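Chemist: Okay, handing you the structure first.
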Amino acid sequence: MRETNRLSHSEGIEHWLRLIRTEGVGPVLFRRLLEHFGSFDRIFGASAADLCHVEGIGHRTAERIARTRLQFDAEREIGLAEEHGVCILHWEDPSYPPALKAIDDPPPVLYVKGTLQRSDSLALAVVGSRHCTHYGVEQAERFSHLLASAGLTIVSGLARGIDSAAHRGALSARGRTIAVQGCGLAHCFPAENRKLFEMISEQGAVLSELPMGYEPLSENFPGRNRIIAGLSMGVLVVEAAPRSGALITAKAALAYNREVMAVPGRIDSPTSKGTHELLKQGARLADSVEEIMDALGVVGKSLRGHVSDHARRCAEQMEMPLFDMSEMNLSDCEQSILRVLGKEPSHIEQIIAAADLPAAQIHSAVITLQLKGLVKQLPGSVFVRKGI
């Protein structure tokens, strides 16, 4: 698998785009059409009667395909992708993730902002609730940081809550992370994650199977969740309500014969009900990074020594931050804020006064420190420094 460079589209991507954007054609039917006809020229030239010979295509669907198969403006889509620094891959491209290609319904077309590397085959999904607890955020960041430091790529969905914490944890370890969006890459959803979106694209990749301008609609997210599961060797659910996207991801992982793990939580917390249900159904209880490594078999065994040493160093020095700040290239302003902040919460006005720096500069630096996982915001513009 070669590394994917920005703006390096797959050969012949125009044909793939036109077919997958044809009405009535999804990933499964796309594969059947290509297998039946053998080439795009034959698909685009087939009559409605010919299309009816493909499994799953009736007369009405055949008419829709014949009517709309050449309507999508592939050249305009490619131009829009290039404006946003996105490349478009199809599943025959060597850069297409092998694990994703192996599932029953892989996206025929994958939009990529950032890079894909061979090492991304060693990936673990870390997912959970948008409405999470402080405990959930800490566990997602901690596990993701330690696992990324061992060489695993952390995959998640860029959503608020647990997903964002997972990405931040991986970034803070200078590890690889991949975000899968439920909208086109001309958008960032949620909008407040724009800076995180850019950081991920620099240190990993943001992916989507949807057209560049596609809006973040609720019906997109089950498909997004299957991609998260398909990219990963296993799925770690940190917190989840009984009906949530994280559980859809876990269900997809089981269907793809991936490992499913869950972090136990408080028995009286609504966000623990979904994870505890997974545990009752046979998911592996993940209460340590060693447990996760054991679940990953041979791969986990080869990485376990590294991650265990890192976790032990953190545990032995309780006042030491989870993240090695010496490697995070903190600005002078960021360092000043961290010196001001302690374990007791401080209002933003207190930080501005103590740091003796312009308010706009403080506000910007505080946001960056949150993205790096070093500072947490509490209600009322109050902030606290984070440790282990």
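Naming works like this for the structure tokens: A, B, ... for the chains as they're shown, residue 1 at the start of each chain, ligands 1 onward in shown order.
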As a list of chain:residue names, please: the residues near Ser10 (chain A) (cut-off 9 Å, only C-alpha atoms, same-chain neighbours under 4 positions excluded).
Modeler: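 Within the cut-off, the hits are A:Cys87, A:Ile88, A:Leu89, A:His90, A:Glu92, A:Asp93, A:Ser95.
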Chemist: Determine which residues of region 207-264 of chain A DSSP labels as strand (DSSP E) from the backbone of this structure, then write them out as a ChimeraX atom specification.
Modeler: /A:207-208,234-237,259-262
Chemist: Using N, CA and C atoms, can you export the residues from the last selection as an mmCIF file, in the first residue's frame?
Modeler:
```cif
data_model
loop_
_atom_site.group_PDB
_atom_site.id
_atom_site.type_symbol
_atom_site.label_atom_id
_atom_site.label_comp_id
_atom_site.auth_asym_id
_atom_site.auth_seq_id
_atom_site.Cartn_x
_atom_site.Cartn_y
_atom_site.Cartn_z
ATOM 1 N N LEU A 207 -11.779 11.014 6.383
ATOM 2 C CA LEU A 207 -12.353 10.255 5.279
ATOM 3 C C LEU A 207 -13.865 10.446 5.191
ATOM 4 N N SER A 208 -14.384 10.214 3.988
ATOM 5 C CA SER A 208 -15.829 10.155 3.782
ATOM 6 C C SER A 208 -16.093 9.384 2.493
ATOM 7 N N GLY A 234 -10.422 -3.837 15.753
ATOM 8 C CA GLY A 234 -11.374 -3.971 16.838
ATOM 9 C C GLY A 234 -11.975 -2.628 17.176
ATOM 10 N N VAL A 235 -13.025 -2.660 17.992
ATOM 11 C CA VAL A 235 -13.730 -1.443 18.408
ATOM 12 C C VAL A 235 -13.774 -1.397 19.923
ATOM 13 N N LEU A 236 -13.333 -0.270 20.481
ATOM 14 C CA LEU A 236 -13.414 -0.029 21.912
ATOM 15 C C LEU A 236 -14.518 0.999 22.158
ATOM 16 N N VAL A 237 -15.563 0.599 22.859
ATOM 17 C CA VAL A 237 -16.667 1.501 23.195
ATOM 18 C C VAL A 237 -16.435 2.008 24.609
ATOM 19 N N GLU A 259 -12.916 -7.621 16.824
ATOM 20 C CA GLU A 259 -13.021 -7.681 18.277
ATOM 21 C C GLU A 259 -13.833 -6.483 18.788
ATOM 22 N N VAL A 260 -14.723 -6.728 19.752
ATOM 23 C CA VAL A 260 -15.490 -5.654 20.381
ATOM 24 C C VAL A 260 -15.165 -5.623 21.868
ATOM 25 N N MET A 261 -14.778 -4.438 22.350
ATOM 26 C CA MET A 261 -14.410 -4.253 23.754
ATOM 27 C C MET A 261 -15.203 -3.085 24.328
ATOM 28 N N ALA A 262 -15.377 -3.087 25.625
ATOM 29 C CA ALA A 262 -16.129 -2.006 26.273
ATOM 30 C C ALA A 262 -15.473 -1.646 27.597
#
```
Chemist: Between A:Arg142, A:Arg174, A:Lys251, A:His15, which one has atoms that come closest to Arg69 (chain A), using only C-alpha atoms?
Modeler: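 Using only C-alpha atoms, Arg69 (chain A) sits closest to A:His15.
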Chemist: Choose the residue, out of A:Glu349, A:Asp163, A:Asp105, A:Glu209, that has the smallest atom-to-atom separation from Ala246 (chain A); count only C-alpha atoms.
Modeler: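 Checking each candidate against Ala246 (chain A), we get A:Asp163 as the closest.
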Chemist: Give me the residues near region 39-53 of chain A as a PDB file with C-alpha atoms, in the first residue's frame, where near means some atom within 9 Å (using only C-alpha atoms) and where sequence neighbours in that chain fewer than 2 positions away do not count.
Modeler:
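As a result, around_26.pdb now contains:
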```pdb
ATOM      1  CA  HIS A  15     -16.341   6.475 -14.053  1.00  0.00           C
ATOM      2  CA  TRP A  16     -16.503   5.327 -10.440  1.00  0.00           C
ATOM      3  CA  LEU A  19     -21.774   5.018 -11.223  1.00  0.00           C
ATOM      4  CA  LEU A  33     -22.862  -4.356 -11.743  1.00  0.00           C
ATOM      5  CA  LEU A  34     -19.105  -4.326 -12.186  1.00  0.00           C
ATOM      6  CA  GLU A  35     -18.842  -8.091 -11.774  1.00  0.00           C
ATOM      7  CA  HIS A  36     -21.711  -8.743 -14.189  1.00  0.00           C
ATOM      8  CA  PHE A  37     -20.693  -6.389 -17.003  1.00  0.00           C
ATOM      9  CA  GLU A  55     -29.165  -9.698  -9.062  1.00  0.00           C
ATOM     10  CA  GLY A  56     -31.188  -7.200  -7.062  1.00  0.00           C
ATOM     11  CA  ILE A  57     -32.252  -5.039 -10.020  1.00  0.00           C
ATOM     12  CA  GLY A  58     -35.897  -5.038 -10.994  1.00  0.00           C
ATOM     13  CA  HIS A  59     -37.553  -3.173 -13.840  1.00  0.00           C
ATOM     14  CA  THR A  61     -34.544   0.168 -10.556  1.00  0.00           C
ATOM     15  CA  ALA A  62     -33.191  -0.596 -14.020  1.00  0.00           C
ATOM     16  CA  GLU A  63     -35.102   2.362 -15.452  1.00  0.00           C
ATOM     17  CA  ARG A  64     -33.732   4.663 -12.743  1.00  0.00           C
ATOM     18  CA  ILE A  65     -30.177   3.512 -13.402  1.00  0.00           C
ATOM     19  CA  ALA A  66     -30.515   3.914 -17.165  1.00  0.00           C
ATOM     20  CA  ARG A  69     -26.144   6.910 -14.712  1.00  0.00           C
ATOM     21  CA  LEU A  70     -24.413   9.727 -16.623  1.00  0.00           C
TER      22      LEU A  70
END
```
Chemist: Write out as a PyMOL selection string the residues lying within 7 Å of region 334-338 of chain A, counting only C-alpha atoms and excluding same-chain residues fewer than 3 positions away.
Modeler: chain A and resi 330-331+341+351+355+365+369+385
Chemist: Using only C-alpha atoms, determine which residues lie at most 10 Å from Val382 (chain A), disregarding the query and same-chain residues fewer than 2 positions distant; provide the list as a PyMOL selection string.
Modeler: chain A and resi 344-351+376-380+384
Chemist: Enumerate the residues of region 72-282 of chain A with a DSSP assignment of alpha helix (DSSP H), computed from the backbone, and present them as an mmCIF file with N, CA and C atoms, in the first residue's frame.
Modeler:
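What landed in result.cif:
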```
data_model
loop_
_atom_site.group_PDB
_atom_site.id
_atom_site.type_symbol
_atom_site.label_atom_id
_atom_site.label_comp_id
_atom_site.auth_asym_id
_atom_site.auth_seq_id
_atom_site.Cartn_x
_atom_site.Cartn_y
_atom_site.Cartn_z
ATOM 1 N N ALA A 74 -18.855 14.534 -12.681
ATOM 2 C CA ALA A 74 -17.645 14.038 -12.030
ATOM 3 C C ALA A 74 -16.503 15.049 -12.093
ATOM 4 N N GLU A 75 -16.383 15.751 -13.194
ATOM 5 C CA GLU A 75 -15.291 16.729 -13.337
ATOM 6 C C GLU A 75 -15.441 17.864 -12.314
ATOM 7 N N ARG A 76 -16.654 18.313 -12.121
ATOM 8 C CA ARG A 76 -16.885 19.369 -11.122
ATOM 9 C C ARG A 76 -16.565 18.849 -9.721
ATOM 10 N N GLU A 77 -16.938 17.612 -9.422
ATOM 11 C CA GLU A 77 -16.657 17.025 -8.115
ATOM 12 C C GLU A 77 -15.153 16.919 -7.871
ATOM 13 N N ILE A 78 -14.421 16.504 -8.874
ATOM 14 C CA ILE A 78 -12.966 16.389 -8.746
ATOM 15 C C ILE A 78 -12.341 17.756 -8.514
ATOM 16 N N GLY A 79 -12.836 18.761 -9.230
ATOM 17 C CA GLY A 79 -12.338 20.118 -9.033
ATOM 18 C C GLY A 79 -12.602 20.617 -7.625
ATOM 19 N N LEU A 80 -13.790 20.342 -7.094
ATOM 20 C CA LEU A 80 -14.131 20.749 -5.738
ATOM 21 C C LEU A 80 -13.237 20.039 -4.723
ATOM 22 N N ALA A 81 -12.978 18.757 -4.969
ATOM 23 C CA ALA A 81 -12.090 18.008 -4.081
ATOM 24 C C ALA A 81 -10.698 18.638 -4.049
ATOM 25 N N GLU A 82 -10.197 19.000 -5.204
ATOM 26 C CA GLU A 82 -8.863 19.589 -5.269
ATOM 27 C C GLU A 82 -8.805 20.947 -4.575
ATOM 28 N N GLU A 83 -9.889 21.701 -4.649
ATOM 29 C CA GLU A 83 -9.942 22.985 -3.936
ATOM 30 C C GLU A 83 -9.798 22.797 -2.428
ATOM 31 N N PRO A 98 -6.797 -1.867 2.901
ATOM 32 C CA PRO A 98 -7.116 -3.289 2.654
ATOM 33 C C PRO A 98 -8.193 -3.837 3.579
ATOM 34 N N ALA A 99 -8.168 -3.458 4.850
ATOM 35 C CA ALA A 99 -9.168 -3.975 5.793
ATOM 36 C C ALA A 99 -10.565 -3.524 5.407
ATOM 37 N N LEU A 100 -10.690 -2.291 4.941
ATOM 38 C CA LEU A 100 -12.001 -1.775 4.535
ATOM 39 C C LEU A 100 -12.478 -2.462 3.266
ATOM 40 N N LYS A 101 -11.564 -2.708 2.357
ATOM 41 C CA LYS A 101 -11.929 -3.360 1.101
ATOM 42 C C LYS A 101 -12.474 -4.767 1.339
ATOM 43 N N HIS A 134 -17.189 13.299 32.320
ATOM 44 C CA HIS A 134 -15.769 13.633 32.441
ATOM 45 C C HIS A 134 -14.935 12.353 32.492
ATOM 46 N N TYR A 135 -15.430 11.342 33.210
ATOM 47 C CA TYR A 135 -14.750 10.045 33.278
ATOM 48 C C TYR A 135 -14.568 9.443 31.879
ATOM 49 N N GLY A 136 -15.613 9.505 31.065
ATOM 50 C CA GLY A 136 -15.529 8.938 29.720
ATOM 51 C C GLY A 136 -14.492 9.636 28.867
ATOM 52 N N VAL A 137 -14.464 10.973 28.938
ATOM 53 C CA VAL A 137 -13.475 11.743 28.177
ATOM 54 C C VAL A 137 -12.066 11.347 28.595
ATOM 55 N N GLU A 138 -11.838 11.260 29.908
ATOM 56 C CA GLU A 138 -10.505 10.912 30.401
ATOM 57 C C GLU A 138 -10.081 9.528 29.928
ATOM 58 N N GLN A 139 -11.004 8.558 29.974
ATOM 59 C CA GLN A 139 -10.649 7.200 29.555
ATOM 60 C C GLN A 139 -10.383 7.127 28.050
ATOM 61 N N ALA A 140 -11.197 7.825 27.267
ATOM 62 C CA ALA A 140 -10.988 7.822 25.813
ATOM 63 C C ALA A 140 -9.636 8.435 25.463
ATOM 64 N N GLU A 141 -9.301 9.565 26.102
ATOM 65 C CA GLU A 141 -8.014 10.197 25.843
ATOM 66 C C GLU A 141 -6.860 9.316 26.309
ATOM 67 N N ARG A 142 -7.008 8.731 27.491
ATOM 68 C CA ARG A 142 -5.931 7.925 28.058
ATOM 69 C C ARG A 142 -5.648 6.697 27.198
ATOM 70 N N PHE A 143 -6.693 5.928 26.889
ATOM 71 C CA PHE A 143 -6.501 4.733 26.077
ATOM 72 C C PHE A 143 -5.946 5.092 24.700
ATOM 73 N N SER A 144 -6.497 6.128 24.087
ATOM 74 C CA SER A 144 -6.070 6.497 22.735
ATOM 75 C C SER A 144 -4.622 6.971 22.729
ATOM 76 N N HIS A 145 -4.239 7.737 23.740
ATOM 77 C CA HIS A 145 -2.859 8.210 23.833
ATOM 78 C C HIS A 145 -1.900 7.024 23.955
ATOM 79 N N LEU A 146 -2.186 6.122 24.868
ATOM 80 C CA LEU A 146 -1.289 4.991 25.106
ATOM 81 C C LEU A 146 -1.233 4.061 23.899
ATOM 82 N N LEU A 147 -2.369 3.801 23.288
ATOM 83 C CA LEU A 147 -2.400 2.898 22.133
ATOM 84 C C LEU A 147 -1.727 3.523 20.919
ATOM 85 N N ALA A 148 -1.934 4.822 20.724
ATOM 86 C CA ALA A 148 -1.269 5.494 19.604
ATOM 87 C C ALA A 148 0.239 5.551 19.819
ATOM 88 N N SER A 149 0.650 5.713 21.070
ATOM 89 C CA SER A 149 2.086 5.746 21.354
ATOM 90 C C SER A 149 2.738 4.402 21.060
ATOM 91 N N ILE A 162 -16.803 11.561 23.156
ATOM 92 C CA ILE A 162 -15.797 10.494 23.178
ATOM 93 C C ILE A 162 -14.966 10.478 21.901
ATOM 94 N N ASP A 163 -15.597 10.657 20.744
ATOM 95 C CA ASP A 163 -14.849 10.626 19.481
ATOM 96 C C ASP A 163 -13.758 11.694 19.470
ATOM 97 N N SER A 164 -14.119 12.911 19.823
ATOM 98 C CA SER A 164 -13.144 14.002 19.847
ATOM 99 C C SER A 164 -12.021 13.705 20.839
ATOM 100 N N ALA A 165 -12.379 13.159 21.997
ATOM 101 C CA ALA A 165 -11.364 12.824 23.001
ATOM 102 C C ALA A 165 -10.402 11.767 22.468
ATOM 103 N N ALA A 166 -10.916 10.794 21.731
ATOM 104 C CA ALA A 166 -10.058 9.753 21.157
ATOM 105 C C ALA A 166 -9.050 10.350 20.177
ATOM 106 N N HIS A 167 -9.527 11.230 19.300
ATOM 107 C CA HIS A 167 -8.613 11.874 18.352
ATOM 108 C C HIS A 167 -7.567 12.710 19.084
ATOM 109 N N ARG A 168 -7.988 13.464 20.097
ATOM 110 C CA ARG A 168 -7.052 14.302 20.836
ATOM 111 C C ARG A 168 -5.976 13.462 21.515
ATOM 112 N N GLY A 169 -6.389 12.334 22.090
ATOM 113 C CA GLY A 169 -5.421 11.467 22.750
ATOM 114 C C GLY A 169 -4.363 10.957 21.793
ATOM 115 N N ALA A 170 -4.782 10.550 20.606
ATOM 116 C CA ALA A 170 -3.826 10.065 19.603
ATOM 117 C C ALA A 170 -2.910 11.180 19.127
ATOM 118 N N LEU A 171 -3.475 12.366 18.892
ATOM 119 C CA LEU A 171 -2.672 13.495 18.430
ATOM 120 C C LEU A 171 -1.635 13.896 19.470
ATOM 121 N N SER A 172 -2.017 13.859 20.735
ATOM 122 C CA SER A 172 -1.093 14.261 21.791
ATOM 123 C C SER A 172 0.096 13.313 21.890
ATOM 124 N N ARG A 194 -13.468 22.239 13.725
ATOM 125 C CA ARG A 194 -12.704 22.591 12.525
ATOM 126 C C ARG A 194 -11.196 22.492 12.763
ATOM 127 N N LYS A 195 -10.733 23.023 13.892
ATOM 128 C CA LYS A 195 -9.284 22.963 14.136
ATOM 129 C C LYS A 195 -8.830 21.522 14.337
ATOM 130 N N LEU A 196 -9.624 20.730 15.031
ATOM 131 C CA LEU A 196 -9.309 19.308 15.204
ATOM 132 C C LEU A 196 -9.296 18.597 13.857
ATOM 133 N N PHE A 197 -10.251 18.926 13.002
ATOM 134 C CA PHE A 197 -10.321 18.395 11.633
ATOM 135 C C PHE A 197 -8.997 18.645 10.906
ATOM 136 N N GLU A 198 -8.489 19.865 10.988
ATOM 137 C CA GLU A 198 -7.243 20.208 10.298
ATOM 138 C C GLU A 198 -6.050 19.496 10.912
ATOM 139 N N MET A 199 -6.028 19.386 12.232
ATOM 140 C CA MET A 199 -4.920 18.690 12.887
ATOM 141 C C MET A 199 -4.888 17.213 12.507
ATOM 142 N N ILE A 200 -6.059 16.598 12.427
ATOM 143 C CA ILE A 200 -6.133 15.186 12.036
ATOM 144 C C ILE A 200 -5.652 15.002 10.601
ATOM 145 N N SER A 201 -6.034 15.900 9.712
ATOM 146 C CA SER A 201 -5.624 15.765 8.312
ATOM 147 C C SER A 201 -4.114 15.950 8.146
ATOM 148 N N GLU A 202 -3.472 16.619 9.114
ATOM 149 C CA GLU A 202 -2.018 16.773 9.072
ATOM 150 C C GLU A 202 -1.297 15.578 9.681
ATOM 151 N N GLN A 203 -1.932 14.890 10.614
ATOM 152 C CA GLN A 203 -1.285 13.805 11.341
ATOM 153 C C GLN A 203 -1.976 12.468 11.082
ATOM 154 N N PHE A 221 -25.120 8.478 9.089
ATOM 155 C CA PHE A 221 -24.205 8.026 10.124
ATOM 156 C C PHE A 221 -24.098 6.513 10.285
ATOM 157 N N PRO A 222 -25.146 5.716 10.076
ATOM 158 C CA PRO A 222 -24.928 4.264 10.088
ATOM 159 C C PRO A 222 -23.893 3.812 9.061
ATOM 160 N N GLY A 223 -23.920 4.408 7.858
ATOM 161 C CA GLY A 223 -22.913 4.087 6.852
ATOM 162 C C GLY A 223 -21.530 4.515 7.291
ATOM 163 N N ARG A 224 -21.435 5.692 7.913
ATOM 164 C CA ARG A 224 -20.159 6.166 8.456
ATOM 165 C C ARG A 224 -19.633 5.180 9.498
ATOM 166 N N ASN A 225 -20.530 4.667 10.356
ATOM 167 C CA ASN A 225 -20.113 3.769 11.430
ATOM 168 C C ASN A 225 -19.573 2.446 10.894
ATOM 169 N N ARG A 226 -20.131 1.961 9.774
ATOM 170 C CA ARG A 226 -19.617 0.705 9.210
ATOM 171 C C ARG A 226 -18.193 0.895 8.691
ATOM 172 N N ILE A 227 -17.881 2.104 8.193
ATOM 173 C CA ILE A 227 -16.524 2.381 7.712
ATOM 174 C C ILE A 227 -15.548 2.397 8.890
ATOM 175 N N ILE A 228 -15.941 3.012 9.990
ATOM 176 C CA ILE A 228 -15.101 3.016 11.189
ATOM 177 C C ILE A 228 -14.774 1.586 11.605
ATOM 178 N N ALA A 229 -15.794 0.739 11.651
ATOM 179 C CA ALA A 229 -15.570 -0.662 12.030
ATOM 180 C C ALA A 229 -14.723 -1.384 11.000
ATOM 181 N N GLY A 230 -14.982 -1.122 9.718
ATOM 182 C CA GLY A 230 -14.258 -1.815 8.654
ATOM 183 C C GLY A 230 -12.782 -1.484 8.603
ATOM 184 N N LEU A 231 -12.417 -0.294 9.013
ATOM 185 C CA LEU A 231 -11.014 0.135 9.002
ATOM 186 C C LEU A 231 -10.205 -0.484 10.133
ATOM 187 N N GLY A 245 -24.958 5.554 18.094
ATOM 188 C CA GLY A 245 -24.117 5.231 16.954
ATOM 189 C C GLY A 245 -22.959 4.329 17.329
ATOM 190 N N ALA A 246 -22.463 4.468 18.572
ATOM 191 C CA ALA A 246 -21.351 3.625 19.010
ATOM 192 C C ALA A 246 -21.749 2.153 19.002
ATOM 193 N N LEU A 247 -22.987 1.864 19.386
ATOM 194 C CA LEU A 247 -23.447 0.473 19.374
ATOM 195 C C LEU A 247 -23.659 -0.028 17.955
ATOM 196 N N ILE A 248 -24.034 0.868 17.038
ATOM 197 C CA ILE A 248 -24.124 0.482 15.621
ATOM 198 C C ILE A 248 -22.736 0.115 15.109
ATOM 199 N N THR A 249 -21.728 0.886 15.511
ATOM 200 C CA THR A 249 -20.358 0.571 15.124
ATOM 201 C C THR A 249 -19.940 -0.786 15.678
ATOM 202 N N ALA A 250 -20.276 -1.046 16.941
ATOM 203 C CA ALA A 250 -19.942 -2.331 17.553
ATOM 204 C C ALA A 250 -20.637 -3.493 16.837
ATOM 205 N N LYS A 251 -21.895 -3.289 16.470
ATOM 206 C CA LYS A 251 -22.637 -4.329 15.747
ATOM 207 C C LYS A 251 -21.991 -4.618 14.394
ATOM 208 N N ALA A 252 -21.575 -3.548 13.695
ATOM 209 C CA ALA A 252 -20.893 -3.734 12.420
ATOM 210 C C ALA A 252 -19.578 -4.475 12.613
ATOM 211 N N ALA A 253 -18.857 -4.157 13.682
ATOM 212 C CA ALA A 253 -17.588 -4.829 13.955
ATOM 213 C C ALA A 253 -17.798 -6.328 14.150
ATOM 214 N N LEU A 254 -18.837 -6.692 14.865
ATOM 215 C CA LEU A 254 -19.138 -8.121 15.049
ATOM 216 C C LEU A 254 -19.439 -8.789 13.720
ATOM 217 N N ALA A 255 -20.201 -8.101 12.866
ATOM 218 C CA ALA A 255 -20.531 -8.653 11.553
ATOM 219 C C ALA A 255 -19.285 -8.850 10.702
ATOM 220 N N LYS A 273 -25.062 2.476 30.220
ATOM 221 C CA LYS A 273 -26.019 1.402 29.957
ATOM 222 C C LYS A 273 -25.685 0.631 28.684
ATOM 223 N N GLY A 274 -25.282 1.350 27.636
ATOM 224 C CA GLY A 274 -24.951 0.673 26.388
ATOM 225 C C GLY A 274 -23.698 -0.175 26.506
ATOM 226 N N THR A 275 -22.666 0.343 27.177
ATOM 227 C CA THR A 275 -21.433 -0.435 27.329
ATOM 228 C C THR A 275 -21.665 -1.661 28.203
ATOM 229 N N HIS A 276 -22.450 -1.512 29.250
ATOM 230 C CA HIS A 276 -22.729 -2.653 30.121
ATOM 231 C C HIS A 276 -23.567 -3.707 29.400
ATOM 232 N N GLU A 277 -24.447 -3.258 28.515
ATOM 233 C CA GLU A 277 -25.217 -4.208 27.718
ATOM 234 C C GLU A 277 -24.291 -4.988 26.790
ATOM 235 N N LEU A 278 -23.317 -4.300 26.201
ATOM 236 C CA LEU A 278 -22.330 -4.989 25.362
ATOM 237 C C LEU A 278 -21.575 -6.044 26.169
ATOM 238 N N LEU A 279 -21.197 -5.695 27.392
ATOM 239 C CA LEU A 279 -20.474 -6.648 28.234
ATOM 240 C C LEU A 279 -21.331 -7.871 28.551
ATOM 241 N N LYS A 280 -22.619 -7.651 28.798
ATOM 242 C CA LYS A 280 -23.528 -8.780 29.040
ATOM 243 C C LYS A 280 -23.633 -9.686 27.819
#
```
Chemist: Mind checking which residues fall within 12 Å of Ser119 (chain A), counting only C-alpha atoms, ignoring those fewer than 3 positions away in the same chain, and posting them as an MDAnalysis selection string?
Modeler: chainID A and resid 1:3 95 97:99 115:116 122:124 148 150:154 175:178 204 231:232 299
